[in-house]
$ cat run-v9.pdb   # PDB, N, CA and C atoms and all ligand atoms
ATOM      1  N   MET A  26       0.839  -1.196   0.000  1.00  0.00           N
ATOM      2  CA  MET A  26       0.000   0.000   0.000  1.00  0.00           C
ATOM      3  C   MET A  26       0.877   1.251   0.000  1.00  0.00           C
ATOM      4  N   ALA A  27       0.873   1.920  -1.108  1.00  0.00           N
ATOM      5  CA  ALA A  27       1.681   3.125  -1.195  1.00  0.00           C
ATOM      6  C   ALA A  27       0.788   4.352  -1.098  1.00  0.00           C
ATOM      7  N   LEU A  28       1.008   5.103  -0.048  1.00  0.00           N
ATOM      8  CA  LEU A  28       0.270   6.352   0.128  1.00  0.00           C
ATOM      9  C   LEU A  28       1.054   7.488  -0.504  1.00  0.00           C
ATOM     10  N   GLU A  29       0.298   8.413  -1.053  1.00  0.00           N
ATOM     11  CA  GLU A  29       0.910   9.592  -1.646  1.00  0.00           C
ATOM     12  C   GLU A  29       0.057  10.792  -1.255  1.00  0.00           C
ATOM     13  N   ILE A  30       0.703  11.877  -0.927  1.00  0.00           N
ATOM     14  CA  ILE A  30      -0.025  13.085  -0.542  1.00  0.00           C
ATOM     15  C   ILE A  30       0.382  14.215  -1.474  1.00  0.00           C
ATOM     16  N   LYS A  31      -0.623  14.888  -2.002  1.00  0.00           N
ATOM     17  CA  LYS A  31      -0.334  16.046  -2.845  1.00  0.00           C
ATOM     18  C   LYS A  31      -0.949  17.281  -2.197  1.00  0.00           C
ATOM     19  N   ILE A  32      -0.184  18.330  -2.120  1.00  0.00           N
ATOM     20  CA  ILE A  32      -0.677  19.589  -1.564  1.00  0.00           C
ATOM     21  C   ILE A  32      -0.591  20.660  -2.640  1.00  0.00           C
ATOM     22  N   ASP A  33      -1.717  21.289  -2.899  1.00  0.00           N
ATOM     23  CA  ASP A  33      -1.741  22.392  -3.853  1.00  0.00           C
ATOM     24  C   ASP A  33      -1.314  23.661  -3.108  1.00  0.00           C
ATOM     25  N   ARG A  34      -0.095  24.080  -3.358  1.00  0.00           N
ATOM     26  CA  ARG A  34       0.452  25.225  -2.610  1.00  0.00           C
ATOM     27  C   ARG A  34      -0.254  26.527  -2.953  1.00  0.00           C
ATOM     28  N   GLU A  35      -0.877  26.590  -4.116  1.00  0.00           N
ATOM     29  CA  GLU A  35      -1.621  27.790  -4.494  1.00  0.00           C
ATOM     30  C   GLU A  35      -2.921  27.890  -3.703  1.00  0.00           C
ATOM     31  N   THR A  36      -3.478  26.724  -3.375  1.00  0.00           N
ATOM     32  CA  THR A  36      -4.780  26.678  -2.716  1.00  0.00           C
ATOM     33  C   THR A  36      -4.658  26.728  -1.195  1.00  0.00           C
ATOM     34  N   CYS A  37      -3.572  26.167  -0.647  1.00  0.00           N
ATOM     35  CA  CYS A  37      -3.374  26.155   0.798  1.00  0.00           C
ATOM     36  C   CYS A  37      -3.351  27.580   1.325  1.00  0.00           C
ATOM     37  N   MET A  38      -4.137  27.822   2.402  1.00  0.00           N
ATOM     38  CA  MET A  38      -4.126  29.154   2.995  1.00  0.00           C
ATOM     39  C   MET A  38      -3.502  29.147   4.392  1.00  0.00           C
ATOM     40  N   GLY A  39      -2.810  28.055   4.713  1.00  0.00           N
ATOM     41  CA  GLY A  39      -2.018  28.030   5.935  1.00  0.00           C
ATOM     42  C   GLY A  39      -2.805  27.950   7.226  1.00  0.00           C
ATOM     43  N   SER A  40      -3.985  27.365   7.175  1.00  0.00           N
ATOM     44  CA  SER A  40      -4.819  27.292   8.380  1.00  0.00           C
ATOM     45  C   SER A  40      -4.217  26.391   9.453  1.00  0.00           C
ATOM     46  N   GLY A  41      -3.435  25.414   9.047  1.00  0.00           N
ATOM     47  CA  GLY A  41      -2.813  24.509  10.007  1.00  0.00           C
ATOM     48  C   GLY A  41      -3.684  23.343  10.433  1.00  0.00           C
ATOM     49  N   ASN A  42      -4.881  23.220   9.880  1.00  0.00           N
ATOM     50  CA  ASN A  42      -5.764  22.092  10.248  1.00  0.00           C
ATOM     51  C   ASN A  42      -5.080  20.748  10.018  1.00  0.00           C
ATOM     52  N   CYS A  43      -4.371  20.638   8.903  1.00  0.00           N
ATOM     53  CA  CYS A  43      -3.732  19.358   8.581  1.00  0.00           C
ATOM     54  C   CYS A  43      -2.656  19.011   9.615  1.00  0.00           C
ATOM     55  N   VAL A  44      -1.971  20.022  10.114  1.00  0.00           N
ATOM     56  CA  VAL A  44      -0.953  19.793  11.141  1.00  0.00           C
ATOM     57  C   VAL A  44      -1.628  19.320  12.432  1.00  0.00           C
ATOM     58  N   PHE A  45      -2.816  19.846  12.695  1.00  0.00           N
ATOM     59  CA  PHE A  45      -3.571  19.429  13.876  1.00  0.00           C
ATOM     60  C   PHE A  45      -3.998  17.966  13.760  1.00  0.00           C
ATOM     61  N   TRP A  46      -4.514  17.590  12.601  1.00  0.00           N
ATOM     62  CA  TRP A  46      -5.052  16.239  12.421  1.00  0.00           C
ATOM     63  C   TRP A  46      -3.954  15.190  12.285  1.00  0.00           C
ATOM     64  N   ALA A  47      -2.885  15.533  11.654  1.00  0.00           N
ATOM     65  CA  ALA A  47      -1.813  14.562  11.429  1.00  0.00           C
ATOM     66  C   ALA A  47      -0.458  15.214  11.698  1.00  0.00           C
ATOM     67  N   PRO A  48      -0.208  15.532  12.971  1.00  0.00           N
ATOM     68  CA  PRO A  48       1.072  16.152  13.306  1.00  0.00           C
ATOM     69  C   PRO A  48       2.216  15.193  12.988  1.00  0.00           C
ATOM     70  N   GLY A  49       3.290  15.736  12.496  1.00  0.00           N
ATOM     71  CA  GLY A  49       4.429  14.897  12.117  1.00  0.00           C
ATOM     72  C   GLY A  49       4.381  14.541  10.641  1.00  0.00           C
ATOM     73  N   VAL A  50       3.173  14.476  10.101  1.00  0.00           N
ATOM     74  CA  VAL A  50       3.051  14.236   8.657  1.00  0.00           C
ATOM     75  C   VAL A  50       3.125  15.575   7.931  1.00  0.00           C
ATOM     76  N   PHE A  51       2.293  16.515   8.418  1.00  0.00           N
ATOM     77  CA  PHE A  51       2.263  17.847   7.805  1.00  0.00           C
ATOM     78  C   PHE A  51       2.959  18.854   8.721  1.00  0.00           C
ATOM     79  N   ASP A  52       3.512  19.872   8.104  1.00  0.00           N
ATOM     80  CA  ASP A  52       4.025  21.012   8.862  1.00  0.00           C
ATOM     81  C   ASP A  52       3.892  22.235   7.962  1.00  0.00           C
ATOM     82  N   LEU A  53       3.955  23.397   8.570  1.00  0.00           N
ATOM     83  CA  LEU A  53       3.936  24.614   7.763  1.00  0.00           C
ATOM     84  C   LEU A  53       5.373  25.049   7.506  1.00  0.00           C
ATOM     85  N   ASP A  54       5.661  25.400   6.267  1.00  0.00           N
ATOM     86  CA  ASP A  54       7.017  25.828   5.942  1.00  0.00           C
ATOM     87  C   ASP A  54       7.204  27.314   6.258  1.00  0.00           C
ATOM     88  N   ASP A  55       8.321  27.866   5.878  1.00  0.00           N
ATOM     89  CA  ASP A  55       8.637  29.258   6.210  1.00  0.00           C
ATOM     90  C   ASP A  55       7.659  30.246   5.575  1.00  0.00           C
ATOM     91  N   ASP A  56       6.990  29.810   4.520  1.00  0.00           N
ATOM     92  CA  ASP A  56       5.991  30.671   3.877  1.00  0.00           C
ATOM     93  C   ASP A  56       4.600  30.477   4.483  1.00  0.00           C
ATOM     94  N   GLY A  57       4.505  29.584   5.489  1.00  0.00           N
ATOM     95  CA  GLY A  57       3.214  29.331   6.112  1.00  0.00           C
ATOM     96  C   GLY A  57       2.331  28.422   5.289  1.00  0.00           C
ATOM     97  N   ILE A  58       2.948  27.676   4.396  1.00  0.00           N
ATOM     98  CA  ILE A  58       2.224  26.756   3.518  1.00  0.00           C
ATOM     99  C   ILE A  58       2.540  25.331   3.933  1.00  0.00           C
ATOM    100  N   SER A  59       1.534  24.478   3.856  1.00  0.00           N
ATOM    101  CA  SER A  59       1.687  23.100   4.310  1.00  0.00           C
ATOM    102  C   SER A  59       2.644  22.298   3.430  1.00  0.00           C
ATOM    103  N   VAL A  60       3.455  21.499   4.092  1.00  0.00           N
ATOM    104  CA  VAL A  60       4.339  20.558   3.395  1.00  0.00           C
ATOM    105  C   VAL A  60       4.246  19.200   4.094  1.00  0.00           C
ATOM    106  N   VAL A  61       4.551  18.158   3.358  1.00  0.00           N
ATOM    107  CA  VAL A  61       4.630  16.819   3.948  1.00  0.00           C
ATOM    108  C   VAL A  61       6.060  16.610   4.438  1.00  0.00           C
ATOM    109  N   VAL A  62       6.193  16.313   5.729  1.00  0.00           N
ATOM    110  CA  VAL A  62       7.536  16.094   6.254  1.00  0.00           C
ATOM    111  C   VAL A  62       7.840  14.605   6.423  1.00  0.00           C
ATOM    112  N   GLU A  63       6.830  13.817   6.828  1.00  0.00           N
ATOM    113  CA  GLU A  63       7.072  12.381   7.050  1.00  0.00           C
ATOM    114  C   GLU A  63       5.747  11.652   6.884  1.00  0.00           C
ATOM    115  N   ILE A  64       5.584  10.996   5.765  1.00  0.00           N
ATOM    116  CA  ILE A  64       4.288  10.414   5.430  1.00  0.00           C
ATOM    117  C   ILE A  64       3.918   9.269   6.384  1.00  0.00           C
ATOM    118  N   ASP A  65       4.916   8.652   7.006  1.00  0.00           N
ATOM    119  CA  ASP A  65       4.642   7.524   7.903  1.00  0.00           C
ATOM    120  C   ASP A  65       4.428   7.940   9.353  1.00  0.00           C
ATOM    121  N   ALA A  66       4.365   9.227   9.621  1.00  0.00           N
ATOM    122  CA  ALA A  66       4.314   9.690  11.008  1.00  0.00           C
ATOM    123  C   ALA A  66       2.927   9.564  11.642  1.00  0.00           C
ATOM    124  N   ALA A  67       1.908   9.259  10.837  1.00  0.00           N
ATOM    125  CA  ALA A  67       0.554   9.103  11.380  1.00  0.00           C
ATOM    126  C   ALA A  67      -0.176   8.057  10.547  1.00  0.00           C
ATOM    127  N   PRO A  68      -1.178   7.400  11.150  1.00  0.00           N
ATOM    128  CA  PRO A  68      -1.918   6.395  10.383  1.00  0.00           C
ATOM    129  C   PRO A  68      -2.708   7.011   9.227  1.00  0.00           C
ATOM    130  N   LYS A  69      -3.016   6.168   8.270  1.00  0.00           N
ATOM    131  CA  LYS A  69      -3.733   6.620   7.071  1.00  0.00           C
ATOM    132  C   LYS A  69      -5.014   7.366   7.423  1.00  0.00           C
ATOM    133  N   GLU A  70      -5.735   6.857   8.428  1.00  0.00           N
ATOM    134  CA  GLU A  70      -7.009   7.461   8.818  1.00  0.00           C
ATOM    135  C   GLU A  70      -6.837   8.929   9.192  1.00  0.00           C
ATOM    136  N   LYS A  71      -5.751   9.221   9.876  1.00  0.00           N
ATOM    137  CA  LYS A  71      -5.490  10.610  10.300  1.00  0.00           C
ATOM    138  C   LYS A  71      -5.166  11.484   9.100  1.00  0.00           C
ATOM    139  N   ILE A  72      -4.458  10.906   8.143  1.00  0.00           N
ATOM    140  CA  ILE A  72      -4.103  11.665   6.946  1.00  0.00           C
ATOM    141  C   ILE A  72      -5.354  11.965   6.128  1.00  0.00           C
ATOM    142  N   VAL A  73      -6.253  10.994   6.080  1.00  0.00           N
ATOM    143  CA  VAL A  73      -7.522  11.207   5.376  1.00  0.00           C
ATOM    144  C   VAL A  73      -8.336  12.286   6.080  1.00  0.00           C
ATOM    145  N   LEU A  74      -8.375  12.239   7.404  1.00  0.00           N
ATOM    146  CA  LEU A  74      -9.080  13.262   8.171  1.00  0.00           C
ATOM    147  C   LEU A  74      -8.482  14.646   7.903  1.00  0.00           C
ATOM    148  N   ALA A  75      -7.167  14.682   7.826  1.00  0.00           N
ATOM    149  CA  ALA A  75      -6.495  15.950   7.558  1.00  0.00           C
ATOM    150  C   ALA A  75      -6.925  16.506   6.197  1.00  0.00           C
ATOM    151  N   ALA A  76      -6.986  15.622   5.209  1.00  0.00           N
ATOM    152  CA  ALA A  76      -7.389  16.065   3.871  1.00  0.00           C
ATOM    153  C   ALA A  76      -8.838  16.541   3.876  1.00  0.00           C
ATOM    154  N   GLN A  77      -9.678  15.794   4.582  1.00  0.00           N
ATOM    155  CA  GLN A  77     -11.098  16.156   4.623  1.00  0.00           C
ATOM    156  C   GLN A  77     -11.314  17.436   5.421  1.00  0.00           C
ATOM    157  N   GLY A  78     -10.404  17.696   6.372  1.00  0.00           N
ATOM    158  CA  GLY A  78     -10.562  18.865   7.227  1.00  0.00           C
ATOM    159  C   GLY A  78      -9.923  20.118   6.672  1.00  0.00           C
ATOM    160  N   CYS A  79      -9.307  19.994   5.508  1.00  0.00           N
ATOM    161  CA  CYS A  79      -8.679  21.181   4.920  1.00  0.00           C
ATOM    162  C   CYS A  79      -9.758  22.129   4.389  1.00  0.00           C
ATOM    163  N   PRO A  80      -9.782  23.370   4.860  1.00  0.00           N
ATOM    164  CA  PRO A  80     -10.849  24.296   4.469  1.00  0.00           C
ATOM    165  C   PRO A  80     -10.821  24.683   2.999  1.00  0.00           C
ATOM    166  N   THR A  81      -9.683  24.504   2.346  1.00  0.00           N
ATOM    167  CA  THR A  81      -9.610  24.879   0.933  1.00  0.00           C
ATOM    168  C   THR A  81      -9.441  23.666   0.015  1.00  0.00           C
ATOM    169  N   GLN A  82      -9.555  22.468   0.596  1.00  0.00           N
ATOM    170  CA  GLN A  82      -9.418  21.222  -0.166  1.00  0.00           C
ATOM    171  C   GLN A  82      -8.121  21.187  -0.966  1.00  0.00           C
ATOM    172  N   ALA A  83      -7.049  21.596  -0.302  1.00  0.00           N
ATOM    173  CA  ALA A  83      -5.751  21.664  -0.973  1.00  0.00           C
ATOM    174  C   ALA A  83      -5.016  20.334  -0.949  1.00  0.00           C
ATOM    175  N   ILE A  84      -5.545  19.369  -0.174  1.00  0.00           N
ATOM    176  CA  ILE A  84      -4.826  18.105   0.009  1.00  0.00           C
ATOM    177  C   ILE A  84      -5.536  16.976  -0.734  1.00  0.00           C
ATOM    178  N   VAL A  85      -4.772  16.228  -1.496  1.00  0.00           N
ATOM    179  CA  VAL A  85      -5.283  15.020  -2.138  1.00  0.00           C
ATOM    180  C   VAL A  85      -4.445  13.847  -1.622  1.00  0.00           C
ATOM    181  N   VAL A  86      -5.145  12.775  -1.217  1.00  0.00           N
ATOM    182  CA  VAL A  86      -4.449  11.580  -0.747  1.00  0.00           C
ATOM    183  C   VAL A  86      -4.710  10.448  -1.738  1.00  0.00           C
ATOM    184  N   LEU A  87      -3.630   9.825  -2.180  1.00  0.00           N
ATOM    185  CA  LEU A  87      -3.729   8.715  -3.122  1.00  0.00           C
ATOM    186  C   LEU A  87      -3.199   7.457  -2.465  1.00  0.00           C
ATOM    187  N   GLU A  88      -3.871   6.364  -2.717  1.00  0.00           N
ATOM    188  CA  GLU A  88      -3.373   5.063  -2.270  1.00  0.00           C
ATOM    189  C   GLU A  88      -3.251   4.176  -3.500  1.00  0.00           C
ATOM    190  N   ASP A  89      -2.039   3.707  -3.739  1.00  0.00           N
ATOM    191  CA  ASP A  89      -1.751   2.943  -4.960  1.00  0.00           C
ATOM    192  C   ASP A  89      -2.274   3.657  -6.195  1.00  0.00           C
ATOM    193  N   GLY A  90      -2.101   4.970  -6.209  1.00  0.00           N
ATOM    194  CA  GLY A  90      -2.479   5.764  -7.362  1.00  0.00           C
ATOM    195  C   GLY A  90      -3.941   6.130  -7.445  1.00  0.00           C
ATOM    196  N   GLU A  91      -4.722   5.666  -6.471  1.00  0.00           N
ATOM    197  CA  GLU A  91      -6.158   5.941  -6.492  1.00  0.00           C
ATOM    198  C   GLU A  91      -6.518   6.957  -5.421  1.00  0.00           C
ATOM    199  N   LYS A  92      -7.318   7.930  -5.786  1.00  0.00           N
ATOM    200  CA  LYS A  92      -7.665   9.015  -4.856  1.00  0.00           C
ATOM    201  C   LYS A  92      -8.578   8.475  -3.749  1.00  0.00           C
ATOM    202  N   ILE A  93      -8.157   8.625  -2.493  1.00  0.00           N
ATOM    203  CA  ILE A  93      -9.008   8.192  -1.387  1.00  0.00           C
ATOM    204  C   ILE A  93      -9.454   9.352  -0.519  1.00  0.00           C
ATOM    205  N   ALA A  94      -8.937  10.530  -0.754  1.00  0.00           N
ATOM    206  CA  ALA A  94      -9.407  11.726  -0.032  1.00  0.00           C
ATOM    207  C   ALA A  94      -8.947  12.965  -0.768  1.00  0.00           C
TER     208      ALA A  94
HETATM  209  S1  LIG B 101      -5.466  22.315   6.204  1.00  0.00           S
HETATM  210 FE1  LIG B 101      -5.310  22.886   4.028  1.00  0.00          FE
HETATM  211  S2  LIG B 101      -5.226  25.125   4.014  1.00  0.00           S
HETATM  212 FE2  LIG B 101      -4.798  24.466   6.096  1.00  0.00          FE
HETATM  213  S3  LIG B 101      -2.538  24.354   6.174  1.00  0.00           S
HETATM  214 FE3  LIG B 101      -3.287  22.302   5.658  1.00  0.00          FE
HETATM  215  S4  LIG B 101      -3.255  22.240   3.397  1.00  0.00           S
HETATM  216 FE4  LIG B 101      -3.145  24.380   4.008  1.00  0.00          FE
END
$ encode --input "run-v9.pdb" --output "structure tokens"
Amino acid sequence: MALEIKIDRETCMGSGNCVFWAPGVFDLDDDGISVVVEIDAAPKEKIVLAAQGCPTQAIVVLEDGEKIA
């Protein structure tokens, strides 16, 4: 099972929700935009919650190439 996370940096508004839901996976960079730091730092469920909780829907989660959030 290969998880992949894509963040649209144009769409992210730096709310930090994803960092709240999956700390260690997401962090805000120096520009205040979300980045993936360690994809294995939280279970898949938390990463999906993070994507669903993004107010601008900037996060896409893929599993084996298929969109799951
Ligand atoms: S929840 Fe969405 S808008 Fe907020 S920091 Fe994460 S990616 Fe950006």
$ axis_aligned_box --input "run-v9.pdb" --around "ligand LIG 101 (chain B)" --padding-each-side "6 Å" --output "AutoDock Vina command-line options"
--center_x -4.0 --center_y 23.7 --center_z 4.8 --size_x 14.9 --size_y 14.9 --size_z 14.8
$ select_by_dssp --input "run-v9.pdb" --residues "region 44-94 of chain A" --states "alpha helix (DSSP H)" --output "number ranges by chain"
A: 44-46, 69-77
$ residues_near_ligand --input "run-v9.pdb" --ligand "ligand LIG 101 (chain B)" --cutoff "7 Å" --atoms "only C-alpha atoms and all ligand atoms" --output "PyMOL selection string"
chain A and resi 32+36-44+53+58-59+75-76+78-84
$ resolve_selection --input "run-v9.pdb" --expression "the PyMOL selection byres (((chain A and resi 89 and name CA) around 9) and not hetatm and name CA)" --output "NGL selection string"
:A and (26-29 or 87-88 or 90-92)
$ closest_residue --input "run-v9.pdb" --among "A:Ile72, A:Ile93, A:Val62, A:Ile30" --to "Gly49 (chain A)" --atoms "all atoms listed in the file"
A:Val62
$ resolve_selection --input "run-v9.pdb" --expression "the PyMOL selection byres (((chain A and resi 64) around 7) and not hetatm)" --output "PyMOL selection string"
chain A and resi 49-51+61-63+65-67
$ select_by_dssp --input "run-v9.pdb" --residues "chain A" --states "strand (DSSP E)" --output "JSON, numbers by chain"
{"A": [28, 29, 30, 31, 32, 51, 52, 53, 59, 60, 61, 84, 85, 86, 87, 88, 91, 92]}
$ atom_distance --input "run-v9.pdb" --atom1 "atom C of Asp56 (chain A)" --atom2 "CA of Ala94 (chain A)"
23.8 Å
$ atom_distance --input "run-v9.pdb" --atom1 "atom C of Lys31 (chain A)" --atom2 "atom C of Val86 (chain A)"
7.8 Å
$ atom_distance --input "run-v9.pdb" --atom1 "atom N of Gly57 (chain A)" --atom2 "atom C of Arg34 (chain A)"
10.2 Å
$ decode --input "run-v9.pdb" --residues "region 47-93 of chain A" --atoms "C-alpha atoms" --output "compact mmCIF listing (two decimals), in the first residue's frame"
# COMPACT_ATOMS: atom_id res chain seq x y z
CA ALA A 47 -1.81 14.56 11.43
CA PRO A 48 1.07 16.15 13.31
CA GLY A 49 4.43 14.90 12.12
CA VAL A 50 3.05 14.24 8.66
CA PHE A 51 2.26 17.85 7.80
CA ASP A 52 4.03 21.01 8.86
CA LEU A 53 3.94 24.61 7.76
CA ASP A 54 7.02 25.83 5.94
CA ASP A 55 8.64 29.26 6.21
CA ASP A 56 5.99 30.67 3.88
CA GLY A 57 3.21 29.33 6.11
CA ILE A 58 2.22 26.76 3.52
CA SER A 59 1.69 23.10 4.31
CA VAL A 60 4.34 20.56 3.40
CA VAL A 61 4.63 16.82 3.95
CA VAL A 62 7.54 16.09 6.25
CA GLU A 63 7.07 12.38 7.05
CA ILE A 64 4.29 10.41 5.43
CA ASP A 65 4.64 7.52 7.90
CA ALA A 66 4.31 9.69 11.01
CA ALA A 67 0.55 9.10 11.38
CA PRO A 68 -1.92 6.40 10.38
CA LYS A 69 -3.73 6.62 7.07
CA GLU A 70 -7.01 7.46 8.82
CA LYS A 71 -5.49 10.61 10.30
CA ILE A 72 -4.10 11.67 6.95
CA VAL A 73 -7.52 11.21 5.38
CA LEU A 74 -9.08 13.26 8.17
CA ALA A 75 -6.50 15.95 7.56
CA ALA A 76 -7.39 16.06 3.87
CA GLN A 77 -11.10 16.16 4.62
CA GLY A 78 -10.56 18.86 7.23
CA CYS A 79 -8.68 21.18 4.92
CA PRO A 80 -10.85 24.30 4.47
CA THR A 81 -9.61 24.88 0.93
CA GLN A 82 -9.42 21.22 -0.17
CA ALA A 83 -5.75 21.66 -0.97
CA ILE A 84 -4.83 18.11 0.01
CA VAL A 85 -5.28 15.02 -2.14
CA VAL A 86 -4.45 11.58 -0.75
CA LEU A 87 -3.73 8.71 -3.12
CA GLU A 88 -3.37 5.06 -2.27
CA ASP A 89 -1.75 2.94 -4.96
CA GLY A 90 -2.48 5.76 -7.36
CA GLU A 91 -6.16 5.94 -6.49
CA LYS A 92 -7.67 9.02 -4.86
CA ILE A 93 -9.01 8.19 -1.39
